[in-house]
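Colleague: Got a file for you: model_3.txt, compact mmCIF, C-alpha atoms.
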```
# COMPACT_ATOMS: atom_id res chain seq x y z
CA MET A 1 -17.00 -10.65 -20.64
CA ALA A 2 -19.63 -8.45 -19.09
CA TYR A 3 -20.32 -5.93 -16.38
CA VAL A 4 -22.67 -6.90 -13.59
CA ALA A 5 -25.00 -4.37 -11.99
CA THR A 6 -27.55 -4.87 -9.23
CA ALA A 7 -31.01 -3.40 -9.60
CA GLY A 8 -33.71 -4.23 -7.08
CA GLY A 9 -31.83 -7.31 -5.96
CA VAL A 10 -31.66 -8.73 -9.48
CA ASN A 11 -28.37 -9.19 -11.29
CA VAL A 12 -28.35 -7.37 -14.61
CA VAL A 13 -25.69 -8.34 -17.14
CA VAL A 14 -24.52 -5.56 -19.42
CA PRO A 15 -22.24 -6.70 -22.26
CA ALA A 16 -18.98 -4.82 -22.74
CA ALA A 17 -17.16 -4.63 -26.06
CA PRO A 18 -13.83 -6.50 -26.13
CA GLY A 19 -12.07 -3.30 -27.18
CA VAL A 20 -13.45 -1.46 -24.14
CA LEU A 21 -12.33 -4.23 -21.80
CA ALA A 22 -8.86 -4.22 -23.36
CA LEU A 23 -8.60 -0.43 -22.95
CA GLN A 24 -9.73 -0.59 -19.33
CA ARG A 25 -7.27 -3.34 -18.47
CA ALA A 26 -4.42 -1.46 -20.19
CA LEU A 27 -5.22 1.61 -18.12
CA VAL A 28 -5.13 -0.47 -14.92
CA TRP A 29 -1.66 -1.68 -15.95
CA LEU A 30 -0.51 1.91 -16.59
CA VAL A 31 -1.80 3.10 -13.23
CA GLY A 32 0.06 0.28 -11.49
CA ALA A 33 3.31 0.97 -13.35
CA SER A 34 3.13 4.74 -12.87
CA GLY A 35 2.73 4.31 -9.11
CA ALA A 36 6.51 3.86 -8.90
CA VAL A 37 7.28 7.40 -10.11
CA VAL A 38 6.30 10.00 -7.53
CA PHE A 39 9.34 12.25 -7.08
CA ILE A 40 7.68 15.00 -9.14
CA GLU A 41 4.28 16.65 -8.62
CA PRO A 42 1.85 16.16 -10.14
CA SER A 43 3.31 12.70 -10.52
CA PRO A 44 2.65 10.34 -13.45
CA TYR A 45 0.52 8.33 -10.98
CA GLU A 46 -1.87 11.25 -10.44
CA ILE A 47 -2.13 11.88 -14.17
CA MET A 48 -2.70 8.23 -15.07
CA THR A 49 -5.20 7.68 -12.26
CA LEU A 50 -7.19 10.72 -13.37
CA LEU A 51 -7.09 9.58 -17.01
CA ALA A 52 -8.14 6.06 -16.03
CA ALA A 53 -10.99 7.33 -13.85
CA VAL A 54 -12.37 9.52 -16.63
CA THR A 55 -12.12 6.68 -19.13
CA PHE A 56 -13.72 4.12 -16.82
CA PHE A 57 -16.64 6.39 -15.97
CA ALA A 58 -17.13 7.15 -19.66
CA THR A 59 -17.08 3.49 -20.68
CA GLY A 60 -18.99 1.99 -17.74
CA LEU A 61 -18.31 1.79 -14.02
CA ARG A 62 -20.76 1.19 -11.19
CA LEU A 63 -20.77 1.88 -7.48
CA ARG A 64 -21.98 -1.25 -5.69
CA LEU A 65 -24.11 -1.00 -2.57
CA ALA A 66 -21.45 -2.93 -0.66
CA LEU A 67 -19.05 -0.02 -1.16
CA MET A 68 -21.28 2.62 0.43
CA PRO A 69 -19.84 2.19 3.97
CA LEU A 70 -16.40 2.83 2.44
CA VAL A 71 -17.63 6.03 0.78
CA LEU A 72 -19.29 7.21 3.99
CA MET A 73 -16.18 6.70 6.13
CA LEU A 74 -13.95 8.41 3.58
CA VAL A 75 -16.28 11.43 3.37
CA LEU A 76 -16.51 11.77 7.16
CA LEU A 77 -12.75 11.39 7.50
CA ASN A 78 -12.08 14.23 5.08
CA VAL A 79 -14.87 16.42 6.43
CA GLY A 80 -13.10 16.25 9.78
CA TYR A 81 -9.80 17.23 8.16
CA THR A 82 -11.43 20.11 6.28
CA ILE A 83 -13.23 21.53 9.33
CA SER A 84 -10.03 21.49 11.38
CA ALA A 85 -8.13 23.19 8.56
CA ILE A 86 -10.55 26.12 8.13
CA PRO A 87 -8.52 28.51 10.36
CA LEU A 88 -5.37 27.55 8.41
CA PHE A 89 -6.55 28.07 4.84
CA GLU A 90 -4.15 30.99 4.38
CA GLN A 91 -1.33 28.42 4.45
CA PRO A 92 -0.86 26.96 0.92
CA GLU A 93 0.68 23.75 2.23
CA VAL A 94 -2.41 23.06 4.36
CA VAL A 95 -4.74 23.63 1.40
CA SER A 96 -2.57 21.29 -0.67
CA TRP A 97 -2.69 18.66 2.11
CA ILE A 98 -6.49 18.81 2.27
CA ALA A 99 -6.79 18.58 -1.52
CA THR A 100 -4.46 15.57 -1.54
CA SER A 101 -6.53 13.86 1.16
CA TRP A 102 -9.75 14.28 -0.80
CA TYR A 103 -7.98 13.08 -3.95
CA MET A 104 -6.67 9.98 -2.14
CA ALA A 105 -10.25 9.25 -1.02
CA VAL A 106 -11.44 9.47 -4.62
CA THR A 107 -8.72 7.03 -5.71
CA VAL A 108 -9.84 4.56 -3.02
CA VAL A 109 -13.40 4.56 -4.35
CA PHE A 110 -12.10 4.32 -7.91
CA PHE A 111 -9.93 1.26 -7.18
CA ALA A 112 -12.77 -0.36 -5.24
CA MET A 113 -15.18 0.11 -8.16
CA VAL A 114 -12.61 -1.07 -10.70
CA THR A 115 -11.63 -4.27 -8.86
CA SER A 116 -15.22 -5.19 -8.02
CA GLU A 117 -15.82 -6.00 -11.73
CA ASP A 118 -13.76 -8.10 -14.14
CA THR A 119 -11.83 -8.76 -10.96
CA ALA A 120 -9.35 -11.49 -11.88
CA ALA A 121 -8.24 -9.84 -15.14
CA ARG A 122 -7.92 -6.34 -13.70
CA LEU A 123 -6.01 -7.55 -10.64
CA ASP A 124 -3.63 -9.41 -12.93
CA MET A 125 -3.01 -6.24 -14.95
CA LEU A 126 -2.52 -4.22 -11.77
CA ARG A 127 -0.05 -6.84 -10.55
CA ARG A 128 1.89 -6.75 -13.82
CA GLY A 129 2.01 -2.97 -13.81
CA LEU A 130 3.16 -2.78 -10.20
CA VAL A 131 5.95 -5.29 -10.82
CA VAL A 132 7.21 -3.41 -13.90
CA GLY A 133 7.13 -0.08 -12.06
CA ALA A 134 8.82 -1.62 -9.02
CA MET A 135 11.58 -3.09 -11.17
CA ILE A 136 12.28 0.31 -12.73
CA ALA A 137 12.34 2.02 -9.34
CA SER A 138 14.51 -0.76 -7.85
CA LEU A 139 17.06 -0.78 -10.66
CA LEU A 140 17.42 3.00 -10.49
CA ALA A 141 17.71 2.87 -6.70
CA VAL A 142 20.46 0.24 -6.84
CA ALA A 143 22.24 2.05 -9.67
CA GLY A 144 22.11 5.32 -7.76
CA TYR A 145 23.42 3.76 -4.56
CA PHE A 146 26.41 2.16 -6.31
CA HIS A 147 27.07 5.31 -8.42
CA LEU A 148 26.37 3.50 -11.68
CA VAL A 149 24.47 6.47 -13.16
CA PRO A 150 26.58 9.57 -13.89
CA GLY A 151 25.23 12.44 -11.83
CA GLY A 152 22.45 10.27 -10.52
CA ASN A 153 23.62 10.00 -6.92
CA ASP A 154 21.85 13.19 -5.77
CA LEU A 155 18.68 12.31 -7.67
CA LEU A 156 18.46 8.63 -6.77
CA THR A 157 19.75 8.63 -3.18
CA LEU A 158 19.14 10.66 -0.02
CA TYR A 159 21.51 10.82 2.96
CA GLY A 160 23.36 7.80 1.61
CA ARG A 161 20.16 5.76 1.26
CA ALA A 162 18.63 4.54 -2.01
CA ARG A 163 15.37 6.27 -2.94
CA GLY A 164 15.09 5.64 -6.69
CA THR A 165 12.07 7.38 -8.19
CA PHE A 166 10.68 8.40 -4.77
CA LYS A 167 11.27 11.45 -2.62
CA ASP A 168 11.82 9.39 0.52
CA PRO A 169 13.74 6.09 0.93
CA ASN A 170 11.15 4.96 3.49
CA VAL A 171 8.35 5.27 0.93
CA LEU A 172 10.43 3.45 -1.72
CA GLY A 173 10.89 0.53 0.66
CA ALA A 174 7.22 0.47 1.63
CA PHE A 175 6.03 0.63 -1.99
CA LEU A 176 8.23 -2.26 -3.08
CA ILE A 177 6.78 -4.72 -0.57
CA LEU A 178 3.60 -5.55 -2.50
CA PRO A 179 5.36 -6.10 -5.88
CA ALA A 180 7.98 -8.16 -4.04
CA LEU A 181 5.21 -10.33 -2.58
CA PHE A 182 3.76 -10.83 -6.06
CA ALA A 183 7.20 -11.95 -7.28
CA LEU A 184 7.63 -14.24 -4.27
CA GLN A 185 4.28 -15.88 -4.99
CA SER A 186 5.50 -16.78 -8.47
CA VAL A 187 8.78 -18.12 -7.07
CA VAL A 188 7.02 -20.58 -4.76
CA SER A 189 4.15 -21.64 -7.01
CA ASP A 190 4.80 -21.14 -10.75
CA LYS A 191 6.61 -23.29 -13.30
CA LEU A 192 10.41 -23.26 -13.40
CA ALA A 193 11.01 -20.66 -16.13
CA LYS A 194 8.57 -18.12 -14.71
CA ALA A 195 9.70 -18.85 -11.17
CA PHE A 196 13.33 -18.23 -12.12
CA ARG A 197 12.48 -14.84 -13.69
CA ASN A 198 10.71 -13.88 -10.52
CA VAL A 199 13.64 -15.02 -8.37
CA ILE A 200 15.65 -12.32 -10.15
CA ALA A 201 12.85 -9.76 -9.75
CA PHE A 202 12.39 -10.57 -6.06
CA GLY A 203 16.14 -10.36 -5.51
CA ILE A 204 16.42 -6.93 -7.15
CA MET A 205 13.44 -5.53 -5.24
CA SER A 206 14.74 -6.99 -1.97
CA LEU A 207 18.14 -5.42 -2.64
CA ALA A 208 16.53 -2.03 -3.22
CA ILE A 209 14.55 -2.38 0.02
CA LEU A 210 17.73 -3.24 1.88
CA LEU A 211 19.62 -0.27 0.40
CA ALA A 212 16.77 2.08 1.31
CA PHE A 213 17.83 1.38 4.91
CA SER A 214 14.29 1.64 6.19
CA ARG A 215 13.86 -0.44 9.32
CA ALA A 216 10.08 -0.52 8.81
CA ALA A 217 10.51 -1.79 5.24
CA TRP A 218 13.01 -4.43 6.31
CA GLY A 219 10.68 -5.76 8.96
CA GLY A 220 7.68 -5.31 6.68
CA LEU A 221 9.17 -7.44 3.92
CA VAL A 222 10.11 -10.27 6.28
CA LEU A 223 6.85 -10.29 8.24
CA THR A 224 4.49 -9.85 5.28
CA SER A 225 6.35 -12.52 3.31
CA ALA A 226 6.03 -14.96 6.21
CA PHE A 227 2.38 -14.05 6.73
CA MET A 228 1.52 -14.43 3.04
CA LEU A 229 3.37 -17.73 2.70
CA ALA A 230 1.56 -19.07 5.78
CA LEU A 231 -1.77 -18.08 4.23
CA MET A 232 -0.77 -19.73 0.96
CA VAL A 233 0.04 -22.94 2.81
CA LEU A 234 -3.28 -22.84 4.65
CA THR A 235 -5.28 -22.19 1.46
CA SER A 236 -3.40 -24.64 -0.77
CA ARG A 237 -5.55 -27.40 -2.18
CA THR A 238 -2.91 -30.17 -2.28
CA ASN A 239 -0.06 -31.41 -0.10
CA ALA A 240 2.30 -31.05 -3.07
CA GLN A 241 1.56 -27.33 -3.25
CA ARG A 242 2.12 -26.92 0.46
CA SER A 243 5.43 -28.78 0.33
CA ARG A 244 6.70 -26.70 -2.57
CA ILE A 245 5.79 -23.43 -0.88
CA ILE A 246 7.61 -24.43 2.30
CA ILE A 247 10.72 -25.68 0.47
CA MET A 248 10.97 -22.65 -1.82
CA ALA A 249 10.41 -20.30 1.11
CA ILE A 250 13.38 -21.87 2.92
CA VAL A 251 15.52 -21.54 -0.23
CA ALA A 252 14.50 -17.89 -0.63
CA ALA A 253 15.39 -17.19 3.01
CA VAL A 254 18.84 -18.76 2.60
CA LEU A 255 19.51 -16.77 -0.57
CA GLY A 256 18.36 -13.61 1.17
CA LEU A 257 20.78 -14.15 4.03
CA ALA A 258 23.57 -14.79 1.52
CA LEU A 259 22.76 -11.50 -0.24
CA ILE A 260 22.90 -9.62 3.06
CA ALA A 261 26.25 -11.23 3.89
CA VAL A 262 27.72 -10.11 0.56
CA LEU A 263 26.48 -6.54 1.00
CA LEU A 264 27.86 -6.33 4.51
CA SER A 265 31.31 -7.07 3.12
CA PHE A 266 31.30 -3.47 1.81
CA ASP A 267 32.43 -1.16 4.63
CA SER A 268 30.14 1.76 3.73
CA THR A 269 27.10 -0.50 3.48
CA ALA A 270 27.96 -2.31 6.72
CA GLU A 271 28.34 1.00 8.58
CA MET A 272 24.98 2.32 7.33
CA PHE A 273 23.34 -1.01 8.11
CA LYS A 274 24.70 -0.95 11.64
CA GLN A 275 23.51 2.61 12.14
CA ARG A 276 20.00 2.03 10.77
CA ALA A 277 19.53 -1.35 12.46
CA SER A 278 20.03 0.22 15.87
CA PHE A 279 16.95 0.66 18.07
CA ASP A 280 18.42 3.55 20.04
CA GLN A 281 18.06 6.32 17.46
CA SER A 282 18.09 9.78 19.04
CA TYR A 283 14.75 10.72 17.47
CA ASP A 284 13.09 7.64 19.00
CA GLU A 285 14.15 8.23 22.58
CA GLY A 286 13.28 10.66 25.33
CA ARG A 287 10.19 12.56 26.36
CA PHE A 288 9.90 14.22 22.94
CA GLY A 289 11.15 11.23 20.95
CA ARG A 290 8.94 9.29 18.58
CA PHE A 291 7.17 7.25 21.23
CA GLY A 292 7.14 10.02 23.80
CA ARG A 293 5.39 12.24 21.27
CA HIS A 294 2.75 9.57 20.77
CA ILE A 295 1.82 9.68 24.46
CA LEU A 296 1.88 13.47 24.73
CA GLY A 297 -0.05 13.84 21.47
CA ALA A 298 -2.71 11.40 22.62
CA GLU A 299 -3.18 13.45 25.79
CA MET A 300 -3.61 16.58 23.66
CA ALA A 301 -6.10 14.85 21.38
CA LEU A 302 -8.43 14.07 24.28
CA ASP A 303 -8.76 17.81 25.01
CA LEU A 304 -9.13 19.02 21.40
CA PRO A 305 -12.37 17.91 19.68
CA PHE A 306 -11.37 19.71 16.48
CA GLY A 307 -7.68 18.86 16.64
CA ILE A 308 -4.95 21.33 15.75
CA GLY A 309 -5.22 21.07 11.97
CA PRO A 310 -3.05 19.38 9.32
CA LEU A 311 0.72 19.89 9.40
CA GLN A 312 0.62 21.67 12.78
CA PHE A 313 2.01 18.96 15.04
CA HIS A 314 5.61 20.10 14.52
CA ARG A 315 4.71 23.47 16.04
CA PHE A 316 4.29 21.75 19.41
CA PHE A 317 6.88 18.99 19.11
CA PRO A 318 10.32 18.63 17.48
CA GLU A 319 9.02 16.35 14.69
CA ASP A 320 5.82 15.11 13.08
CA THR A 321 3.57 12.49 14.69
CA HIS A 322 5.03 9.42 12.95
CA ASN A 323 1.76 7.68 13.79
CA SER A 324 -1.09 7.83 11.29
CA TYR A 325 -3.79 7.11 13.88
CA LEU A 326 -2.59 9.92 16.15
CA ASN A 327 -2.20 12.17 13.12
CA ALA A 328 -5.87 11.62 12.24
CA PHE A 329 -6.88 12.92 15.68
CA MET A 330 -4.51 15.87 15.55
CA SER A 331 -5.24 16.84 11.93
CA GLY A 332 -9.00 16.28 11.91
CA GLY A 333 -10.17 16.15 15.50
CA TRP A 334 -12.34 13.45 17.00
CA LEU A 335 -14.34 12.92 13.80
CA SER A 336 -11.30 12.00 11.69
CA GLY A 337 -9.63 10.34 14.67
CA VAL A 338 -12.51 7.88 14.98
CA CYS A 339 -13.16 7.40 11.26
CA TYR A 340 -9.56 6.66 10.21
CA PRO A 341 -8.96 3.64 12.47
CA ALA A 342 -12.57 2.52 11.91
CA LEU A 343 -11.93 2.50 8.16
CA VAL A 344 -8.59 0.74 8.44
CA PHE A 345 -9.51 -1.94 10.96
CA THR A 346 -12.91 -2.63 9.43
CA THR A 347 -11.00 -3.46 6.25
CA VAL A 348 -8.60 -5.70 8.16
CA ILE A 349 -11.43 -7.59 9.88
CA MET A 350 -13.34 -8.10 6.62
CA GLY A 351 -10.06 -9.12 4.99
CA PHE A 352 -9.51 -11.93 7.48
CA ARG A 353 -13.08 -13.13 6.95
CA HIS A 354 -12.48 -13.56 3.20
CA ILE A 355 -9.10 -15.31 3.29
CA PHE A 356 -10.55 -18.77 2.70
CA VAL A 357 -13.12 -17.83 0.07
CA PRO A 358 -11.98 -19.87 -2.99
CA VAL A 359 -12.28 -17.10 -5.57
CA PRO A 360 -10.30 -17.18 -8.86
CA TRP A 361 -8.21 -14.21 -7.69
CA GLN A 362 -7.37 -15.69 -4.28
CA ARG A 363 -3.61 -15.61 -4.87
CA ALA A 364 -3.61 -11.89 -5.64
CA TYR A 365 -5.92 -11.31 -2.68
CA LEU A 366 -3.48 -12.93 -0.27
CA ALA A 367 -0.62 -10.73 -1.49
CA VAL A 368 -2.60 -7.49 -1.33
CA PHE A 369 -4.06 -8.36 2.07
CA SER A 370 -0.65 -9.25 3.50
CA ALA A 371 0.92 -6.02 2.25
CA PHE A 372 -2.06 -4.03 3.50
CA VAL A 373 -1.86 -5.55 7.01
CA GLY A 374 1.85 -4.78 7.03
CA THR A 375 1.19 -1.12 6.22
CA VAL A 376 -1.53 -0.97 8.88
CA GLY A 377 1.05 -2.08 11.42
CA GLU A 378 3.66 0.30 10.05
CA SER A 379 1.20 3.16 10.47
CA PHE A 380 1.78 3.01 14.24
CA VAL A 381 5.37 4.27 13.78
CA ILE A 382 5.26 6.35 10.60
CA ASP A 383 2.88 8.65 8.74
CA THR A 384 1.35 6.57 5.93
CA ASP A 385 -1.84 8.58 5.42
CA HIS A 386 -0.72 10.10 2.10
CA TRP A 387 1.01 7.05 0.65
CA ARG A 388 -0.58 6.45 -2.75
CA HIS A 389 -0.03 2.70 -2.67
CA PHE A 390 -1.69 2.41 0.76
CA TRP A 391 -4.94 3.91 -0.55
CA MET A 392 -4.68 1.82 -3.70
CA MET A 393 -4.49 -1.35 -1.58
CA LEU A 394 -7.37 -0.17 0.60
CA GLY A 395 -9.58 0.35 -2.45
CA ALA A 396 -8.52 -2.96 -3.98
CA MET A 397 -9.38 -4.75 -0.73
CA TRP A 398 -12.93 -3.39 -0.74
CA GLY A 399 -13.35 -4.16 -4.42
CA MET A 400 -12.14 -7.76 -4.02
CA ILE A 401 -14.35 -8.28 -0.97
CA ALA A 402 -17.41 -6.95 -2.82
CA ALA A 403 -16.62 -9.21 -5.79
CA ALA A 404 -16.12 -12.20 -3.47
CA GLN A 405 -19.55 -11.70 -1.93
CA ILE A 406 -21.15 -11.80 -5.37
CA TYR A 407 -19.04 -14.82 -6.30
CA LYS A 408 -20.25 -16.72 -3.20
CA ILE A 409 -23.89 -15.90 -3.99
CA ARG A 410 -23.54 -17.13 -7.56
CA ALA A 411 -21.72 -20.27 -6.48
CA GLY A 412 -24.57 -21.01 -4.07
CA GLU A 413 -27.16 -20.41 -6.79
CA ASP A 414 -25.31 -22.71 -9.19
CA ALA A 415 -25.02 -25.41 -6.54
CA SER A 416 -28.74 -25.25 -5.72
CA SER A 417 -29.76 -25.43 -9.37
CA ALA A 418 -27.44 -28.34 -10.17
```
If you convert what's in this file into structure tokens, what do you get?

Modeller:
Amino acid sequence: MAYVATAGGVNVVVPAAPGVLALQRALVWLVGASGAVVFIEPSPYEIMTLLAAVTFFATGLRLRLALMPLVLMLVLLNVGYTISAIPLFEQPEVVSWIATSWYMAVTVVFFAMVTSEDTAARLDMLRRGLVVGAMIASLLAVAGYFHLVPGGNDLLTLYGRARGTFKDPNVLGAFLILPALFALQSVVSDKLAKAFRNVIAFGIMSLAILLAFSRAAWGGLVLTSAFMLALMVLTSRTNAQRSRIIIMAIVAAVLGLALIAVLLSFDSTAEMFKQRASFDQSYDEGRFGRFGRHILGAEMALDLPFGIGPLQFHRFFPEDTHNSYLNAFMSGGWLSGVCYPALVFTTVIMGFRHIFVPVPWQRAYLAVFSAFVGTVGESFVIDTDHWRHFWMMLGAMWGMIAAAQIYKIRAGEDASSA
């Protein structure tokens, strides 16, 4: 194995010791697994990401030219936040919010740099770590909901909803979507023994998502699963693969409906499900409801070039924005308000352009891209701008795209020399 750098347009191969590669991959696994434990601060995720970043930079990590637009947009985004927050620096929570935003930006660049090299192996380790962490969080969430852990109900649930190792049930549900997609991929494409293990994993994670009673997570799991499976069918190389994906997807859907039917036989679960599945929640309706706030906030944003600063929206309205794009305008003014959607939708557009590139890590790419697009959509109705896993996926997307560009160039060179 080797690192690849670019100097003056010429690829330079720098050998890496096997022990170094093993250490780096192990750290990627640990970062993925620790991402499921964020109910304490600083969380294990912050600690492991910092440790991994230091180790990677010490042992060899390069910033590719293709990642410079990402760095520029992240810097401008956070400069906007910081400028708008200057009058509020006496508030500790605002300072903490700004520091977290800059830290999230650093993690994006870190994940982009990491996944742009040794891409297939590192993505596989990240996948494994995420699945292990998700299983731990899911099992604890389910155990807490059904009172299987003595004294764990207060720690593992919130307002009768499973939250596991997260502070918020909504974030638990959102985090579990990507690991669930990884498990679903194995169910529809791997050999029987591995597929069966992942049926169990997918079932447990789906159960935890259901018990989190997050409408966005419910819809996110269904829509991202359908989107990913459609992409897998379109990118499959044989009719046999396509047929298996379709058949297994139908089986998974039937089993999912059966699981929901069993859960709804419990009165308490059925009542919570009925309550959460309703689209007439009090905080969604009215002039100052969720969607009313979006309109009023957008009108404010047009008149405030520097915004109102982070964490100030609730001073004008009953609740927070619950819209990450509006929150960028309100928290960082026009600079952040333009840069945030530019960053997000540039990534989405580039992501679509690389769906059919036949890279060795295409399967992982389809899962990450599907989960990322789902979160982009969810960002219209909830604040996702400090979700660790969202920034991790954003960085991984840029890293995979940069690696795919190099892969295409090399494939062209090999074809021309053959």

Colleague: Each residue of range 31-55 of chain A lying at most 9 Å from range 95-116 of chain A should get a row with its shortest atom-to-atom pair and the distance in Å to one decimal, counting only C-alpha atoms; could you produce that, ordered by chain and increasing number, as a tab-separated table?

Modeller:
```
residue	atom	partner	partner_atom	distance
A:Thr49	CA	A:Thr107	CA	7.5
A:Leu50	CA	A:Thr107	CA	8.6
A:Ala53	CA	A:Phe110	CA	6.8
```

Colleague: Considering all atoms listed in the file, return as a list in words whatever protein or nucleic-acid residues lie within 8 Å of range 349-364 of chain A, sequence-local ones (same chain, fewer than 6 positions apart) excluded.

Modeller: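 My reading of the contact set: Thr119, Ala120, Leu123, Asp124, Arg127, Phe182, Gln185, Leu231, Met232, Thr235, Met397, Ile401, Ala404, Tyr407 and Lys408 of chain A.
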
Colleague: Fewer than 2 positions away in the same chain doesn't count, so skip those; otherwise give me all residues within 10 Å of Gly337 in chain A, counting only C-alpha atoms, as an MDAnalysis selection string.

Modeller: chainID A and resid 77 80:81 301 305:307 324:335 339:342

Colleague: List as a VMD selection string the residues having at least one atom at most 10 Å from position (-2.5, -0.2, -6.6) as given in the file, counting only C-alpha atoms.

Modeller: chain A and resid 28 to 29 31 to 35 107 to 108 111 123 126 to 127 129 to 130 175 178 to 179 368 388 to 396

Colleague: What is the CA of Ser214 in chain A to CA of Asn170 in chain A distance in Å?

Modeller: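 Value for the CA of Ser214 in chain A-CA of Asn170 in chain A distance: 5.3 Å.
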
Colleague: Please provide the set of residues having any atom within 7 Å of Ala183 in chain A, restricted to only C-alpha atoms, with same-chain residues fewer than 5 positions apart removed, written as a list in words.

Modeller: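 Non-adjacent residues within range: Asn198, Ala201 and Phe202 of chain A.
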
Colleague: Env of Leu140 in chain A: 8 Å cut, atoms = all atoms listed in the file, seq-sep filter 6 positions within chain, self excluded. Answer as a PDB file with C-alpha atoms, in the frame of the given file.

Modeller:
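Output (selection09.pdb):
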```
ATOM      1  CA  LEU A 156      18.460   8.630  -6.770  1.00  0.00           C
ATOM      2  CA  GLY A 164      15.090   5.640  -6.690  1.00  0.00           C
ATOM      3  CA  THR A 165      12.070   7.380  -8.190  1.00  0.00           C
TER       4      THR A 165
END
```

Colleague: Between CA of Lys194 in chain A and CA of Gln24 in chain A, what is the distance, to one decimal in Å?

Modeller: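 Atom-to-atom, CA of Lys194 in chain A and CA of Gln24 in chain A are spaced 25.8 Å apart.
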
Colleague: Check the smallest atom-to-atom distance from each of A:Val381, A:Leu67, A:Val338, A:Ala36 to Phe166 in chain A using only C-alpha atoms, then report the winner.

Modeller: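 Closest residue, counting only C-alpha atoms: A:Ala36.
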
Colleague: Could you pull the residues within 8 Å of Ile246 in chain A, counting only C-alpha atoms, minus those fewer than 3 positions along the same chain, as a PyMOL selection string?

Modeller: chain A and resi 229+233+242-243+249-250

Colleague: Looking at A:Ala217, A:Ala270, A:Ala143, A:Ile40, which one is nearest to Leu172 in chain A, with distances taken over only C-alpha atoms?

Modeller: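 The shortest atom-to-atom distance to Leu172 in chain A comes from A:Ala217.
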
Colleague: For range 140-151 of chain A, supply N, CA, C and O atoms and report the output as a tab-separated table (two decimals), in the frame of the given file.

Modeller:
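The resulting file, selection_6.tsv, is reproduced below:
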```
chain	number	residue	atom	x	y	z
A	140	LEU	N	16.88	1.64	-10.61
A	140	LEU	CA	17.42	3.00	-10.49
A	140	LEU	C	17.94	3.25	-9.07
A	140	LEU	O	18.96	3.92	-8.89
A	141	ALA	N	17.25	2.71	-8.08
A	141	ALA	CA	17.71	2.87	-6.70
A	141	ALA	C	19.06	2.20	-6.49
A	141	ALA	O	19.97	2.78	-5.89
A	142	VAL	N	19.19	0.97	-6.98
A	142	VAL	CA	20.46	0.24	-6.84
A	142	VAL	C	21.57	0.93	-7.62
A	142	VAL	O	22.69	1.11	-7.12
A	143	ALA	N	21.25	1.36	-8.85
A	143	ALA	CA	22.24	2.05	-9.67
A	143	ALA	C	22.70	3.35	-9.02
A	143	ALA	O	23.88	3.69	-9.04
A	144	GLY	N	21.75	4.08	-8.44
A	144	GLY	CA	22.11	5.32	-7.76
A	144	GLY	C	22.98	5.08	-6.54
A	144	GLY	O	23.96	5.79	-6.31
A	145	TYR	N	22.66	4.05	-5.77
A	145	TYR	CA	23.42	3.76	-4.56
A	145	TYR	C	24.87	3.39	-4.88
A	145	TYR	O	25.80	3.81	-4.19
A	146	PHE	N	25.07	2.61	-5.93
A	146	PHE	CA	26.41	2.16	-6.31
A	146	PHE	C	27.07	3.09	-7.33
A	146	PHE	O	28.08	2.71	-7.94
A	147	HIS	N	26.50	4.27	-7.54
A	147	HIS	CA	27.07	5.31	-8.42
A	147	HIS	C	27.26	4.80	-9.85
A	147	HIS	O	28.27	5.09	-10.51
A	148	LEU	N	26.30	4.04	-10.32
A	148	LEU	CA	26.37	3.50	-11.68
A	148	LEU	C	25.76	4.44	-12.71
A	148	LEU	O	25.90	4.20	-13.92
A	149	VAL	N	25.08	5.49	-12.26
A	149	VAL	CA	24.47	6.47	-13.16
A	149	VAL	C	25.20	7.79	-12.99
A	149	VAL	O	25.18	8.37	-11.89
A	150	PRO	N	25.85	8.30	-14.02
A	150	PRO	CA	26.58	9.57	-13.89
A	150	PRO	C	25.66	10.70	-13.44
A	150	PRO	O	24.62	10.95	-14.04
A	151	GLY	N	26.03	11.34	-12.35
A	151	GLY	CA	25.23	12.44	-11.83
A	151	GLY	C	23.93	12.02	-11.19
A	151	GLY	O	23.12	12.88	-10.81
```
